[in-house]
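Peer 1: The structure that follows is given in the form of structure tokens.
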Protein chains: 2
Amino acid sequence: MKYVYHFGNGSADGSAEMKNLLGGKGANLAEMNLLGIPAPPGFTITTDVCTYYYNHDLNFPGELDDQVAAALSVIETIMETHFGDEQNPLLVSIRSGARQSMPGMMETVLNVGLTSKTIPGLINKTNNPRFVYDAYRRLIMMYADVVMEKAGGVEPEKGIGIRQRLEDILDKHKEKNCYTSDTDLTSEDLQALSEIFKSEIKLTFGSEFPDDPMEQLWGGIKAVFRSWNGKRAINYRKIENIPSEWGTAVNVQAMVFGNMGENSATGVAFTRNPATGENKFFGEWLTNAQGEDVVAGTRTPNPLNEETKTADTQNLPSLEASNPKSYQQLADIRTTLENHYTDMQDIEFTIQEDHLWMLQTRTGKRTGAASIKMAVDMVNEGMIDKKTALIRVNPEQLDELLHPVIDPENEKDATLLTKGLPAGPGGATGRVVFTADDAEKWKNKGEQVILVRKETSPEDVHGMHAAEAILTSKGGMTSHAALVARGWGKCCIVGCGALHIDSTKQEVHINDVVIKEGDWITMNGTRGNIYEGQLGLVPSDPEKHNEYKQLMEWTDEVRRLKIRTNADTPKDAKQAIAFGAEGIGLCRTEHMFFDDERILAIRKMILADNENDRRSAVMELLPFQKEDFRGILKAMAGKPVTIRLLDPPLHEFITLTEDQIQELANHVGLNKSHVEKRIASLHELNPMLGHRGCRLGIAYPEITEMQARAILEAAAELTKEGVSVYPEIMIPLVGTVTEFTDQEAIVRSVAEKVLNETGASFEFMVGTMIELPRACLTADEIAEHAEFFSFGTNDLTQTTYGFSRDDIGSFLPNYLDRNILDYDPFQSLDVKGVGKLVSMAVDLGRGVNSDLKIGICGEHGGDPASIHFCKENDLDYVSCSPYRVPIARLAAAQSEL
Amino acid sequence: MKYVYHFGNGSADGSAEMKNLLGGKGANLAEMNLLGIPAPPGFTITTDVCTYYYNHDLNFPGELDDQVAAALSVIETIMETHFGDEQNPLLVSIRSGARQSMPGMMETVLNVGLTSKTIPGLINKTNNPRFVYDAYRRLIMMYADVVMEKAGGVEPEKGIGIRQRLEDILDKHKEKNCYTSDTDLTSEDLQALSEIFKSEIKLTFGSEFPDDPMEQLWGGIKAVFRSWNGKRAINYRKIENIPSEWGTAVNVQAMVFGNMGENSATGVAFTRNPATGENKFFGEWLTNAQGEDVVAGTRTPNPLNEETKTADTQNLPSLEASNPKSYQQLADIRTTLENHYTDMQDIEFTIQEDHLWMLQTRTGKRTGAASIKMAVDMVNEGMIDKKTALIRVNPEQLDELLHPVIDPENEKDATLLTKGLPAGPGGATGRVVFTADDAEKWKNKGEQVILVRKETSPEDVHGMHAAEAILTSKGGMTSHAALVARGWGKCCIVGCGALHIDSTKQEVHINDVVIKEGDWITMNGTRGNIYEGQLGLVPSDPEKHNEYKQLMEWTDEVRRLKIRTNADTPKDAKQAIAFGAEGIGLCRTEHMFFDDERILAIRKMILADNENDRRSAVMELLPFQKEDFRGILKAMAGKPVTIRLLDPPLHEFITLTEDQIQELANHVGLNKSHVEKRIASLHELNPMLGHRGCRLGIAYPEITEMQARAILEAAAELTKEGVSVYPEIMIPLVGTVTEFTDQEAIVRSVAEKVLNETGASFEFMVGTMIELPRACLTADEIAEHAEFFSFGTNDLTQTTYGFSRDDIGSFLPNYLDRNILDYDPFQSLDVKGVGKLVSMAVDLGRGVNSDLKIGICGEHGGDPASIHFCKENDLDYVSCSPYRVPIARLAAAQSEL
């Protein structure tokens, strides 16, 4: 079995197609070699080895040793060096590379191969002892951290890891010598520090830092595989829904150095602007630096070229100006890569003594706006076709365009604290916190927070996820904070130098202003502005965005699934139409009852002892309800509107304080204890499984009658006014066909009366919400009577799993942490369980009634994966909240492709 | 289409096989004719006509008129009379007759054909004007009640029906004339009363009492069909699970009269004793009476023969002695019928002027004990085979034998109030109520009641059902109360003459004692004793009953389904073994925690902040749990025991008062507010769908560990002591295979340790309770790991329907009343919905694991219909409460036949 794939010098065993086996990085390194792009030679150990390793108690397959040795000798041949050679030693990097990019989530070891024996040779060869000892101390620090501590499973003493302790030794040494920067450290300093580091390591782990290159190599390889199951990686996979079975590959590659002097450099670039999508070569670089210096945000990097300079970077040197030859070579590679991959690439390069090396290319992460602009631009450029453009935009990313921005009226007069780099779009407002843990804690308490950090690291990912926005004082547009935030479409501002964070005092100074933990700030991530206090946000208007409009038109050309919206008010209905909704899939009627005048009527109804009193109380609601339905049916003129009859348990309408009970008693002329008794009698142990849905309409048919009459009278009036109406009356929570026919009979009898009384003529349907397992199991019986089904997958998920959404908080986080669930089934439809019931219901229902109209109106209606499932199951429509309508349109189009 | 079936004079169109079409009564009248038994000629209008009638807006098929006329003329020919003839008129009865007997639940009209024109002819013919006018006033009363009021849908004024008003007129007439009995009424009185009755009818209904025989006939036929959907009939069908689609047949038959003088009589008899099963001809009769006089309980009837006389009936005349010729003829018919039907018959007869007529034969209702005795006796007599015997006993009736009786220790010293006829077996204790409505109301409030009435009528059925027992002051062993109670196996004493009921004061005087509404009494229905106060009941011992033992042996010969029991204590386990249980299907462990010492440990566990404290609190429970499991495993030595790990939400263990919270806080050394906070944090909106079942074991693995260790250490110890143990560890509420494997891993790891530590070796299994729809839908995934499935159909029913058992009370009664549900799905398994999930889970599970052991442990495990379903689905066993084990054994045997 082949476990190791070589690449280098224009040849490679693998290619870009082999991402699953070689990981993204390895596959692309192979591909770059095949394209003739200069990349340091190396080899990839496959993801199969990762799987094998975890399935065999952390042991490797027997053949691996020989295959690695053989691949290593190929590098040696190309580089004309030897690993461990005392005269001419080869150094290698060891990096992870998963099928899907997980930036910074796994471990890396650089400079592997430096030992007491190879150091003199390398000094001799480079004539640069400082460079060599600096490389050596970096190797020691990384190795101690990644291999000896993390992969060794050693718990840091007092929570302070070895890396931090070595950093502290370094800092103390600098302090003692009054050095202000790492560059002040001399060759001798570094050599001495390396020895101190090794003693500290011996003391900590009870074993020596390995002086054998092969031991270093295998230690590194193992550590990278182990980091697949590190806490950070697991967290990230959970957020990104990456299966843990995929595993990572490991890339071993000849080292090249951007820090060999002023003719060396390193950089990161995007073939187009990842924030806006603009077709300009965009990147950042640093002279005499290693790659981590650019990404970590510890030095503010320079712009790649002249045309992408901004006001902030105007005076910094561009690579284009500083090293035109290398820049031109890089620009040519940009064209080659984009034409080859037909997508925007995120590349890393190193210039070692004026020689350009490509270290990585991968499809670049981008904002939603950039994603759409690039896709549409590339169609216009003839690079890709429309289908590819549609597939390329992640529906969830549209959300960013639809995300709120700061209300322009508020922003105009707001106090600008300072500006930074606009790394993630949209507006956000929240209370300042200074650690990722606090961000998560506050969020869990229901607070919205903004995470403020000097810079972020992969350890902060959970807090970044919890925060509304991220603000850093350091770093550039390709810093960790910027990359991660952009991936999530989250508001983010980086490199905001005016920020002085005092973590001990838990406060940040911005010029003369002091912001303490818990204070509100507001950010405009599109412009990079930071404001004091809490500003109102307003929805954005994606319709102003030409490429968005273009893409949405294309979605409508290919998609067959209709998109409806869940809306209870004419305002929401209009918003949804603006977003392209083709009807209402769920209009809830219970929210309409909470108005002062109405709630009194419904409370009277609840307190009534007999049908007559109940009926007269219910009928007080008729004019209100009729107005409600007139409004919605009119707003949706010409489009179908599914109206669900009263659903929630009655006790929801009489959750009252003592005083309110007395007031209500006075108002309806009953004594207080009577009211209290009635309230108590409505108490249920499990209201979710109690007296609600059609069970209410069956117990109190007058409610169904009133609601049916309100809908049908509204429809009749509008018809006479020339408005086309298509009301669809939906009976909720049906579990048996008899429940449906009981309620259907009431609706049809009211309809006959209303049509007679008004002389109006319009189409309407009577159908049901399918939200109980039993409804799915007996869908054939129900479909003999119902004209439509609408899957209420929220409730269906509750009963299929036996999970109450209200109570799941006590165990769901743990379930997700421990992979007992791969995802929250209330967010994305559980295909195996709930989905099986849905498929069954569709088959049974259509089996007896081929005209049956079928849709879905749970939260899942706006979830792309769930939409794909709906398409596969031949549903007629999905219905989601207005702001998810565009997402659903795109997801529906993608599901056709 | 043939709608009318003739019978008479030894020939018939139908036969006993045609019950579905002709109803039980009609089919058996046909059959008796074919057997040469004298039955008055007549005809049956089929159940098809009933269906047609209700499907066609209460219209009859066109052909019916002619077919009725033709059949009527056959009767005329046989009887040598003519319907409506002025000289020699034929009178007919019109009676209902459903597929399954519904005694007294539908209407009857007698003496049809008496008009102003036929009366003189009949007087002339019988020379008995008093008899004729008495028949006429009875016709008028019945017809006014049944046809004009009930079938006419006329609401009685002030709730007093026409029948009552006519009775009042009759009573006033008697009072005015100082008559003490109906027999004092003269021919002239009756003639005058008839005229007054007819005026009252005209006044009430605005129309005349019909004087045309054909109009009477058709009015009667329609009224009987209408009574199929009367309130009483609907109630009875609901209780007996008779589908409303069946419909009734109508029998029109020549009248014969038991009230034509001292040489006439009427009676009801059973071919064997319906209370004990004894093979003795048993019945009751009255001279010069109509059938209704015997059944209504208004006159205390005489014993049929000498050998069945009791102390109470010693001095009454038997038919055997009074009319040996007729008795002998009847006894011969008894033999003919029993040999023909090979089952005990319930017969009605009339002797008209020394001529014996059989009016009805049907399979007689009987007590459980009688049912078993007859079945076993008939096998021994060679009348039926074992299979027939097994099929013939209704499993539910076994319940009577297993029903509690009064604790003999208590009964010995109890105050005997009085004695009555022992009409229904077993003991019962309850609070006295005097109306059926009160019985139902009190029962719904959770009270156990005894319904005390002068006599009962079909209107009382709902209250009789609600009561623990029924006590009447009038009536005999074949009275309405006795028949109905026996059918249900309910404790019942009738004809208790010492009772003087004052319904106005709501009290009953028994000799000198006054019992008021709400006072406790206790009844021994087997002996007929009534005691003051509440006496303790004890389980009966069916093993003393030879025929029961015999029948149970036969069940074990044919059944393949194993029967287990649900038992949490060694005592219950032993009881279940005595009843024939072959293992424990569900041993719940939560009840074991409520002991004082233990509950403290579990509360400590719940209050623990960290895993260490929690673990140490949990481990305090280990010795207790181990003892529990030792006890149960030992009691079930050699038999499998399925033990379910902790299931209920933790808050169930800390439902505490303020004081108890303080006490607990003191005990565990926490402050009260901390304890309160923890209690509040465990509150759930829908605990049924909350943090319970395996979700607990996943959150707190130490609980699973402790329980697994307790079970396995107990098993190891017993094994070493030479006791065979087969523990089956059951993970509850699994919805995903990952939940199962998480918990399974803990159990298996504990098992490995315990087996190593103890060196013991025994078999055990790890399986799961299938009680969520998702578990059924993904049963294939789960069965790859689980060794057994046990269907928890209680919870599965809850989630499939979305019904919480705790809250269903607010709508289930209404659902049953209105036929939205045919039966309570928590009592009998819902085959269409829940059953479909069960079948799916069995198929999916066995599909990947053919060795999978599958059982059921919900309430349904003891329900015969559900057991039949389990057999059809190839389950290995059912598990039910100890007292239902014999029922399950019989039901399982029947499901094989």
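Going by the structure tokens order, chains are called A, B, ..., each with residues numbered from 1, while ligands are numbered from 1 in the order shown.
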What are the nearest atom pairs, with distances in Å to one decimal, for all residues of chain A that come at most 9 Å from chain B, using only C-alpha atoms, set out by chain and rising residue number as a Markdown table?

Peer 2:
| residue | atom | partner | partner_atom | distance |
| --- | --- | --- | --- | --- |
| A:Leu682 | CA | B:Ser810 | CA | 8.6 |
| A:His683 | CA | B:Asp807 | CA | 8.9 |
| A:Glu684 | CA | B:Asp807 | CA | 5.9 |
| A:Leu685 | CA | B:Asn686 | CA | 6.5 |
| A:Asn686 | CA | B:Asn686 | CA | 4.3 |
| A:Pro687 | CA | B:Asn686 | CA | 6.6 |
| A:Met688 | CA | B:Asn686 | CA | 6.6 |
| A:Leu689 | CA | B:Phe803 | CA | 4.7 |
| A:Gly690 | CA | B:Asp807 | CA | 5.5 |
| A:His691 | CA | B:Phe811 | CA | 6.8 |
| A:Arg695 | CA | B:Phe811 | CA | 7.2 |
| A:Leu696 | CA | B:Phe811 | CA | 8.7 |
| A:Ile698 | CA | B:Tyr815 | CA | 8.4 |
| A:Ala699 | CA | B:Phe811 | CA | 7.1 |
| A:Leu733 | CA | B:Gly802 | CA | 8.4 |
| A:Val734 | CA | B:Tyr801 | CA | 8.8 |
| A:Gly735 | CA | B:Tyr801 | CA | 5.8 |
| A:Thr736 | CA | B:Ile820 | CA | 7.8 |
| A:Val737 | CA | B:Ile820 | CA | 8.4 |
| A:Thr738 | CA | B:Ile820 | CA | 5.1 |
| A:Glu739 | CA | B:Ile820 | CA | 6.1 |
| A:Asp742 | CA | B:Ile820 | CA | 8.0 |
| A:Leu772 | CA | B:Tyr801 | CA | 6.3 |
| A:Pro773 | CA | B:Thr800 | CA | 4.9 |
| A:Arg774 | CA | B:Thr800 | CA | 5.1 |
| A:Ala775 | CA | B:Gly833 | CA | 8.1 |
| A:Cys776 | CA | B:Gly833 | CA | 8.6 |
| A:Leu777 | CA | B:Gly833 | CA | 5.6 |
| A:Thr778 | CA | B:Gly833 | CA | 6.4 |
| A:Gln798 | CA | B:Leu689 | CA | 7.7 |
| A:Thr799 | CA | B:Thr799 | CA | 4.9 |
| A:Thr800 | CA | B:Pro773 | CA | 4.9 |
| A:Tyr801 | CA | B:Arg774 | CA | 5.6 |
| A:Gly802 | CA | B:Leu689 | CA | 4.9 |
| A:Phe803 | CA | B:Leu689 | CA | 4.8 |
| A:Ser804 | CA | B:Leu689 | CA | 4.9 |
| A:Arg805 | CA | B:Leu689 | CA | 8.6 |
| A:Asp806 | CA | B:Leu685 | CA | 6.6 |
| A:Asp807 | CA | B:Gly690 | CA | 5.5 |
| A:Ile808 | CA | B:Gly690 | CA | 6.4 |
| A:Ser810 | CA | B:His691 | CA | 6.9 |
| A:Phe811 | CA | B:His691 | CA | 6.8 |
| A:Asn814 | CA | B:Ala699 | CA | 7.4 |
| A:Tyr815 | CA | B:Ile698 | CA | 8.3 |
| A:Asn819 | CA | B:Thr738 | CA | 7.9 |
| A:Ile820 | CA | B:Thr738 | CA | 5.1 |
| A:Leu821 | CA | B:Thr738 | CA | 7.6 |
| A:Lys832 | CA | B:Thr778 | CA | 6.9 |
| A:Gly833 | CA | B:Arg774 | CA | 5.2 |
| A:Val834 | CA | B:Arg774 | CA | 7.2 |
| A:Lys836 | CA | B:Leu777 | CA | 7.1 |
| A:Leu837 | CA | B:Leu777 | CA | 8.0 |

Peer 1: Residues of stretch 79-127 of chain B classed as strand (DSSP E) by DSSP on the backbone are to be reported as a count of residues only.

Peer 2: 16

Peer 1: Could you please write out, as a list of chain:residue names, every residue of stretch 401-467 of chain B that DSSP assigns to alpha helix (DSSP H)?

Peer 2: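 Alpha helix (DSSP H) members of stretch 401-467 of chain B, listed: B:Leu401, B:Leu402, B:Pro408, B:Glu409, B:Asn410, B:Glu411, B:Lys412, B:Ala436, B:Asp437, B:Asp438, B:Ala439, B:Glu440, B:Lys441, B:Trp442, B:Lys443, B:Asn444, B:Val461, B:His462, B:Gly463, B:Met464, B:His465, B:Ala466.
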
Peer 1: For A:Leu34, please output as a list of chain:residue names all residues within 8 Å (counting only C-alpha atoms; exclusion window: fewer than 2 positions along the same chain).

Peer 2: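 Contacts, with the query itself left out: A:Gly10, A:Ser11, A:Ala12, A:Ser15, A:Ala30, A:Glu31, A:Met32, A:Gly36, A:Ile37.
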
Peer 1: Those same residues, written as an mmCIF file, in the first residue's frame with N, CA, C and O atoms?

Peer 2:
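Output file result_20.cif is given in full below:
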data_model
loop_
_atom_site.group_PDB
_atom_site.id
_atom_site.type_symbol
_atom_site.label_atom_id
_atom_site.label_comp_id
_atom_site.auth_asym_id
_atom_site.auth_seq_id
_atom_site.Cartn_x
_atom_site.Cartn_y
_atom_site.Cartn_z
ATOM 1 N N GLY A 10 9.213 19.682 -10.469
ATOM 2 C CA GLY A 10 8.353 19.548 -11.647
ATOM 3 C C GLY A 10 7.714 18.187 -11.795
ATOM 4 O O GLY A 10 7.020 17.914 -12.783
ATOM 5 N N SER A 11 7.900 17.304 -10.837
ATOM 6 C CA SER A 11 7.170 16.030 -10.931
ATOM 7 C C SER A 11 6.484 15.746 -9.590
ATOM 8 O O SER A 11 6.850 16.338 -8.571
ATOM 9 N N ALA A 12 5.488 14.852 -9.604
ATOM 10 C CA ALA A 12 4.770 14.539 -8.369
ATOM 11 C C ALA A 12 3.991 13.241 -8.549
ATOM 12 O O ALA A 12 3.513 12.950 -9.646
ATOM 13 N N SER A 15 -1.796 14.717 -7.281
ATOM 14 C CA SER A 15 -2.299 15.868 -8.034
ATOM 15 C C SER A 15 -3.409 16.527 -7.218
ATOM 16 O O SER A 15 -3.817 16.003 -6.165
ATOM 17 N N ALA A 30 1.672 19.034 -4.936
ATOM 18 C CA ALA A 30 1.873 18.136 -6.081
ATOM 19 C C ALA A 30 1.474 18.841 -7.373
ATOM 20 O O ALA A 30 2.231 18.862 -8.358
ATOM 21 N N GLU A 31 0.297 19.442 -7.331
ATOM 22 C CA GLU A 31 -0.223 20.091 -8.541
ATOM 23 C C GLU A 31 0.697 21.236 -8.996
ATOM 24 O O GLU A 31 0.966 21.386 -10.188
ATOM 25 N N MET A 32 1.181 22.039 -8.048
ATOM 26 C CA MET A 32 2.080 23.139 -8.416
ATOM 27 C C MET A 32 3.319 22.593 -9.105
ATOM 28 O O MET A 32 3.794 23.167 -10.096
ATOM 29 N N GLY A 36 4.802 23.219 -13.009
ATOM 30 C CA GLY A 36 6.111 23.828 -13.208
ATOM 31 C C GLY A 36 6.369 25.032 -12.326
ATOM 32 O O GLY A 36 7.259 25.842 -12.585
ATOM 33 N N ILE A 37 5.582 25.150 -11.276
ATOM 34 C CA ILE A 37 5.772 26.272 -10.356
ATOM 35 C C ILE A 37 6.810 25.870 -9.312
ATOM 36 O O ILE A 37 6.755 24.752 -8.799
#

Peer 1: I'd like the interatomic distance between atom CA of A:Met1 and atom CA of A:Asp48, to a tenth of an Å.

Peer 2: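 Result for atom CA of A:Met1 versus atom CA of A:Asp48: 10.1 Å, one decimal.
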
Peer 1: Would you compute the distance between atom CA of B:Pro404 and atom CA of B:Ser540? Give it in Å to one decimal.

Peer 2: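 Spanning atom CA of B:Pro404 to atom CA of B:Ser540 is a straight-line distance of 5.2 Å.
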
Peer 1: So that I can check the surroundings of stretch 283-297 of chain A, please list as a ChimeraX atom specification every protein, DNA and RNA residue that reaches within 10 Å of it, counting only C-alpha atoms and ignoring chain neighbours fewer than 5 positions away.

Peer 2: /A:104,256-274,302-305,308,317-319,322,346-353,359,454-457,472-483,494-495

Peer 1: Neighbours of stretch 545-551 of chain A within 7 Å (only C-alpha atoms; same-chain residues fewer than 3 positions away dropped), as a list in words?

Peer 2: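 That gives Ile372, Lys373, Val376, Pro542, Trp554 and Thr555 of chain A.
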
Peer 1: When you draw a straight line from atom CA of A:Asn566 to atom CA of A:Pro640, how long is it in Å?

Peer 2: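 These two atoms are separated by 12.0 Å.
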
Peer 1: So that I can check the surroundings of B:Ser879, please list as a list in words every protein, DNA and RNA residue that reaches within 6 Å of it, counting only C-alpha atoms and ignoring chain neighbours fewer than 4 positions away.

Peer 2: Ile563, Arg564, Thr565, Asn566, Gly585, Ile856, Cys857 and Gly861 of chain B

Peer 1: Env of A:Ile201: 12 Å cut, atoms = only C-alpha atoms, seq-sep filter 3 positions within chain, self excluded. Answer as a ChimeraX atom specification.

Peer 2: /A:140-145,147-149,161-163,165-166,194-198,204-210
